[in-house]
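Each remark here refers to the structure printed beneath this line.
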Amino acid sequence: MPIILGELTQMSLGLIDSAMVGAISYKQLAASALVNSIITIPFVFGIGLTMSVSQKVATAHGLRDGQKVSHYLYNGFCLCTVGAVMIAFLMVLGTPVLFHLKQDADVARLAAPYMRIIGWSIIPSLMFMAIKQFTDGLEKTKIAMYLSLAAMPVNAFLNWLLIYGHFGLPRLELIGAALGTLFTRLLILIALMLVVLLHPLFGRYIAVRRKQWKISVNSCKELLQIGIPSGLQAILETGAFTVSAILVGTLGAIAQAAHQIALQCASFTFMISVGLAQGSAIRIGNAFGRKNWSEIKHIGHSSFYSAIAYGIICLCCLIVFRKPISLLFNNDANVIFMASALMIFAAVFQISDATQAVAVGCLRGINDVKMPMIYMAVAYWVIGVPAGCLFAFTFHFGAKGIWLGFVLGLSTVSILLNRRFNKLVEEKMTASGMHRSNL
């Protein structure tokens, strides 16, 4: 639950930005949607890198090896920091691409400065996540949760000051939202660093820093063997959504704004699935360190059934409250009508989205990351995106066709990933002599 709440509050920063700039105009909302869609691809790759930290820390923690835990903290943090800087420079230097995507001219003009500032904010964000993965890997999950919760009112207050120009500050509108996010991410990074360095809870890992805080090529390779495939998995999924957002943008600013509203809601519900997946990965990683395949199976199945139950709840909520939710972002009648329609498709794929996320986490817990990456490539890029384009532009379903492609892609990958986890666990249990009849 703390991981889930932490993920939700991180996602809430984007929702706060969208809601507050959407109150100004739908073109500002569309501009933020364009940038967030583009920046998501490299950003989630960075998040994939940070996930390697929790995985290695959880496994070392399962073995009760505190020296190794400290070692992976340092190497993982350094690795993620380098990756964050590279991603930030890529985003800032890539700003001119906004004007070559056949988007609304006003939307592209508004998006350019927003993208540069948000690009720099990736650095403190990924540094925070690297340390968060360390604390999560030790199952000390409440610390990052409290900081993430504190970030919400801080971000909202800074946005209120900078977007609308209160207390004598200039009215910066969309740029103000970007600055608010940057400052908020810096503040929570500093806070988490101080907690880890000074709190007695982590004293044993900090005390051995002179011996363990050294860059190791082998350790970096181990982290990258998990981090790069995990990052590529995230790119394959979010890349499909990003490309789809750009395709929807060619249908006009109204369609793009509606798409952003529905996507923000679907992404918000997905964050709970991500939190459940990360909790599963950490618990399975701990059991994996002890080679306890019976416990791994139990955790995996419990997570799967929890994901189904959660998906059903989300499905019902999105269908019943689709219009009131849309009104939170914008009051343009055309935008609300289209967003409400798209949210029905978002509701349909909630179960598949939740179960595929959990399956990814369970497989990562047993260090299986390469084959899931192939499954995702097929599901999203051979089935999902092409089908979405076919429905949208050949059959003239418009934005609804793109979302129908999401349904097909997510359903396919959920089936493939869950079957693989069950197969691998049964094989390991059979090899270990733990047959079903003995459980």
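Just remember, in the structure tokens the first chain shown is A, the second B, etc., residues are 1-based per chain, and ligands are 1-based in the order shown.
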Using only C-alpha atoms, determine which residues lie at most 10 Å from A:Trp293, disregarding the query and same-chain residues fewer than 4 positions distant; provide the list as a list in words.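 Non-adjacent residues within range: Ile284, Ala287, Phe288, Lys297, His298, Ile299, Ile366, Val425, Glu426, Glu427, Lys428, Met429, Thr430, Ser432 and Met434 of chain A.
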Would you mind listing what lies within 9 Å of stretch 168-184 of chain A as a PyMOL selection string, with only C-alpha atoms counted and same-chain residues fewer than 3 positions away left out? chain A and resi 13-14+16-18+20-21+24+28-29+31-32+110-111+113-118+120-122+124-125+151-152+154-165+187-189
Restricted to N, CA and C atoms, what would the selected residues look like written as a compact mmCIF listing (two decimals), in the first residue's frame?
# COMPACT_ATOMS: atom_id res chain seq x y z
N LEU A 13 1.16 14.58 -9.54
CA LEU A 13 1.84 15.81 -9.95
C LEU A 13 1.47 16.16 -11.38
N GLY A 14 1.44 15.16 -12.26
CA GLY A 14 1.03 15.40 -13.64
C GLY A 14 -0.43 15.77 -13.75
N ILE A 16 -2.21 17.27 -11.43
CA ILE A 16 -2.37 18.63 -10.92
C ILE A 16 -1.99 19.64 -12.00
N ASP A 17 -0.87 19.39 -12.68
CA ASP A 17 -0.46 20.28 -13.77
C ASP A 17 -1.53 20.35 -14.86
N SER A 18 -2.04 19.19 -15.27
CA SER A 18 -3.03 19.15 -16.35
C SER A 18 -4.31 19.88 -15.97
N MET A 20 -4.71 22.24 -13.69
CA MET A 20 -4.54 23.68 -13.46
C MET A 20 -4.30 24.44 -14.76
N VAL A 21 -3.57 23.86 -15.71
CA VAL A 21 -3.40 24.56 -16.99
C VAL A 21 -4.62 24.36 -17.88
N ILE A 24 -7.08 27.10 -17.90
CA ILE A 24 -6.77 28.30 -18.68
C ILE A 24 -7.30 28.16 -20.10
N GLN A 28 -3.53 24.85 -23.90
CA GLN A 28 -2.48 24.66 -22.90
C GLN A 28 -2.49 23.21 -22.42
N LEU A 29 -3.68 22.65 -22.25
CA LEU A 29 -3.79 21.24 -21.86
C LEU A 29 -3.23 20.34 -22.95
N ALA A 31 -0.94 21.15 -25.11
CA ALA A 31 0.52 21.33 -25.15
C ALA A 31 1.20 20.48 -24.08
N SER A 32 0.63 20.49 -22.87
CA SER A 32 1.20 19.66 -21.81
C SER A 32 1.07 18.18 -22.17
N LEU A 110 3.46 26.57 -27.55
CA LEU A 110 3.32 26.54 -26.09
C LEU A 110 4.13 25.41 -25.45
N ALA A 111 4.28 24.31 -26.18
CA ALA A 111 4.92 23.12 -25.63
C ALA A 111 6.43 23.24 -25.51
N PRO A 113 8.90 25.61 -24.54
CA PRO A 113 9.55 25.95 -23.26
C PRO A 113 9.17 25.01 -22.12
N TYR A 114 7.95 24.50 -22.16
CA TYR A 114 7.49 23.55 -21.15
C TYR A 114 8.35 22.29 -21.20
N MET A 115 8.66 21.82 -22.40
CA MET A 115 9.44 20.60 -22.56
C MET A 115 10.87 20.77 -22.04
N ARG A 116 11.46 21.93 -22.25
CA ARG A 116 12.83 22.15 -21.79
C ARG A 116 12.92 22.08 -20.26
N ILE A 117 11.99 22.71 -19.58
CA ILE A 117 12.03 22.72 -18.11
C ILE A 117 11.70 21.34 -17.54
N ILE A 118 10.68 20.71 -18.08
CA ILE A 118 10.32 19.36 -17.62
C ILE A 118 11.48 18.39 -17.88
N TRP A 120 14.70 19.03 -17.68
CA TRP A 120 15.67 19.15 -16.58
C TRP A 120 15.14 18.53 -15.29
N SER A 121 13.82 18.56 -15.09
CA SER A 121 13.26 18.01 -13.86
C SER A 121 13.38 16.49 -13.79
N ILE A 122 13.71 15.87 -14.92
CA ILE A 122 13.90 14.42 -14.92
C ILE A 122 15.08 14.02 -14.04
N PRO A 124 16.40 15.29 -11.01
CA PRO A 124 16.07 15.01 -9.60
C PRO A 124 15.01 13.93 -9.44
N SER A 125 14.13 13.78 -10.42
CA SER A 125 13.08 12.78 -10.31
C SER A 125 13.65 11.37 -10.31
N ALA A 151 4.65 16.04 -1.37
CA ALA A 151 4.93 16.74 -2.62
C ALA A 151 3.67 17.29 -3.28
N MET A 152 2.53 16.66 -3.03
CA MET A 152 1.29 17.08 -3.70
C MET A 152 0.87 18.50 -3.32
N VAL A 154 2.69 20.78 -1.97
CA VAL A 154 3.79 21.68 -2.35
C VAL A 154 3.69 22.02 -3.83
N ASN A 155 3.48 20.99 -4.66
CA ASN A 155 3.37 21.20 -6.10
C ASN A 155 2.16 22.06 -6.44
N ALA A 156 1.03 21.79 -5.79
CA ALA A 156 -0.19 22.57 -6.06
C ALA A 156 0.01 24.03 -5.68
N PHE A 157 0.68 24.27 -4.54
CA PHE A 157 0.91 25.65 -4.09
C PHE A 157 1.86 26.38 -5.05
N LEU A 158 2.94 25.72 -5.43
CA LEU A 158 3.89 26.34 -6.36
C LEU A 158 3.21 26.62 -7.71
N ASN A 159 2.40 25.68 -8.17
CA ASN A 159 1.65 25.90 -9.41
C ASN A 159 0.72 27.11 -9.29
N TRP A 160 0.03 27.19 -8.15
CA TRP A 160 -0.89 28.31 -7.92
C TRP A 160 -0.15 29.65 -7.98
N LEU A 161 1.05 29.66 -7.41
CA LEU A 161 1.85 30.88 -7.45
C LEU A 161 2.33 31.21 -8.86
N LEU A 162 2.87 30.20 -9.54
CA LEU A 162 3.58 30.45 -10.80
C LEU A 162 2.68 30.43 -12.03
N ILE A 163 1.66 29.58 -12.03
CA ILE A 163 0.76 29.53 -13.19
C ILE A 163 -0.09 30.80 -13.28
N TYR A 164 -0.67 31.17 -12.13
CA TYR A 164 -1.62 32.29 -12.13
C TYR A 164 -1.01 33.62 -11.69
N GLY A 165 0.24 33.59 -11.19
CA GLY A 165 0.91 34.85 -10.85
C GLY A 165 0.42 35.51 -9.58
N LEU A 187 13.01 19.33 -4.11
CA LEU A 187 12.77 19.33 -2.67
C LEU A 187 12.63 17.92 -2.10
N ILE A 188 11.86 17.06 -2.77
CA ILE A 188 11.68 15.71 -2.22
C ILE A 188 12.94 14.86 -2.39
N LEU A 189 13.76 15.15 -3.41
CA LEU A 189 15.04 14.45 -3.55
C LEU A 189 15.94 14.77 -2.37
Restricting the calculation to only C-alpha atoms: of A:Ile215, A:Val107, A:Ala88, A:Ala281, which residue gets closest to A:Val57?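 Among the listed residues, A:Ala281 lies closest to A:Val57.
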Shell of 12 Å around A:Lys56, only C-alpha atoms, local chain residues under 5 positions omitted, as JSON, numbers by chain: {"A": [49, 50, 51, 61, 62, 63, 65, 66, 68, 69, 70, 71, 72, 73, 74, 75, 76, 133, 134, 135, 136, 137, 138, 219, 220, 221, 222, 223, 224, 225, 226, 227, 281, 282, 283, 284, 285, 286, 288, 289, 364, 365, 366, 367]}
Export C-alpha atoms of the chosen residues as a short mmCIF file (atom, residue, chain, number, x, y, z; two decimals), in the first residue's frame?
data_model
loop_
_atom_site.label_atom_id
_atom_site.label_comp_id
_atom_site.auth_asym_id
_atom_site.auth_seq_id
_atom_site.Cartn_x
_atom_site.Cartn_y
_atom_site.Cartn_z
CA LEU A 49 16.90 1.50 -14.74
CA THR A 50 15.95 2.44 -11.19
CA MET A 51 13.91 -0.77 -10.79
CA HIS A 61 18.38 -8.43 1.67
CA GLY A 62 16.85 -11.91 1.34
CA LEU A 63 20.35 -13.30 1.80
CA ASP A 65 23.93 -9.45 3.11
CA GLY A 66 23.98 -5.82 4.32
CA LYS A 68 25.95 -6.04 -0.72
CA VAL A 69 22.84 -3.94 -0.10
CA SER A 70 24.99 -0.86 0.52
CA HIS A 71 27.10 -1.66 -2.53
CA TYR A 72 24.06 -1.87 -4.82
CA LEU A 73 22.67 1.36 -3.36
CA TYR A 74 25.77 3.31 -4.35
CA ASN A 75 26.33 1.73 -7.75
CA GLY A 76 22.64 1.92 -8.61
CA GLN A 133 13.96 1.78 -4.93
CA PHE A 134 16.65 1.17 -2.31
CA THR A 135 14.25 1.83 0.59
CA ASP A 136 11.50 -0.15 -1.14
CA GLY A 137 13.88 -3.07 -1.71
CA LEU A 138 14.41 -3.21 2.06
CA SER A 219 27.88 -4.63 -10.33
CA CYS A 220 26.92 -2.05 -12.93
CA LYS A 221 26.63 -4.85 -15.49
CA GLU A 222 24.36 -6.81 -13.13
CA LEU A 223 22.17 -3.74 -12.67
CA LEU A 224 22.07 -3.04 -16.39
CA GLN A 225 21.15 -6.65 -17.19
CA ILE A 226 17.93 -6.03 -15.28
CA GLY A 227 17.60 -2.28 -15.83
CA ALA A 281 8.66 -7.97 -7.43
CA ILE A 282 10.27 -7.03 -4.10
CA ARG A 283 8.63 -9.89 -2.16
CA ILE A 284 9.39 -12.38 -4.94
CA GLY A 285 12.96 -11.05 -5.18
CA ASN A 286 13.39 -11.64 -1.47
CA PHE A 288 14.18 -15.68 -4.95
CA GLY A 289 17.30 -14.92 -2.90
CA ARG A 364 11.27 -9.30 -12.81
CA GLY A 365 11.35 -10.73 -9.29
CA ILE A 366 12.83 -13.96 -10.66
CA ASN A 367 15.16 -12.02 -13.00
#
Identify, on the basis of only C-alpha atoms, every residue whose closest approach to stretch 341-351 of chain A does not exceed 7 Å; exclude the query and any residue fewer than 6 positions from it along the same chain; express the result as a ChimeraX atom specification. /A:262,266,308,311-312,314-315,318-319,322,400,403-404,407,410
Tell me which protein, DNA and RNA residues are within 6 Å of stretch 378-380 of chain A, counting only C-alpha atoms, leaving out same-chain ones fewer than 6 positions away, and put them as a VMD selection string. chain A and resid 409 412 to 413
For stretch 354-356 of chain A, please output as a ChimeraX atom specification all residues within 9 Å (counting only C-alpha atoms; exclusion window: fewer than 4 positions along the same chain). /A:269-270,272-274,276-277,303-308,310-311,349-350,360-361,410-411,413-418
What separation in Å, quoted to one decimal, exists between atom CA of A:Val385 and atom CA of A:Lys423? 27.9 Å
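Using only C-alpha atoms, the residues found no farther than 7 Å from A:Phe329, other than those of its own chain fewer than 5 positions away, are Ser18, Ala19, Gly22, Ala23 and Ile261 of chain A.
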I'd like to know which residues of stretch 132-255 of chain A are helix (DSSP H, G or I) (by DSSP, run on the backbone); could you write them as a ChimeraX atom specification? /A:132-137,142-164,174-198,200-207,209-212,217-249,253-255
Just give me the gap between atom CA of A:Ile131 and atom CA of A:Phe45 in Å, one decimal is fine.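 The value is 16.5 Å.
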So, with only C-alpha atoms as the atoms that count, which of A:Ser326, A:Ser148, A:Ser37, A:Thr9 lies closest to A:Cys265? A:Ser326
Interatomic distance (Å, one decimal) between atom CA of A:Phe397 and atom CA of A:Leu251: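 According to the coordinates, atom CA of A:Phe397 and atom CA of A:Leu251 are separated by 11.2 Å.
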Rank nothing, just name the residue among A:Met145, A:Met127, A:Cys316, A:Met86 nearest to A:Gly275, using only C-alpha atoms.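 Nearest candidate to A:Gly275 out of A:Met145, A:Met127, A:Cys316, A:Met86: A:Met145.
Considering the residues A:Ile383, A:Ile87, A:Ala245, A:Ile235 and counting only C-alpha atoms, A:Ala399 has its shortest atom-to-atom contact with A:Ala245.
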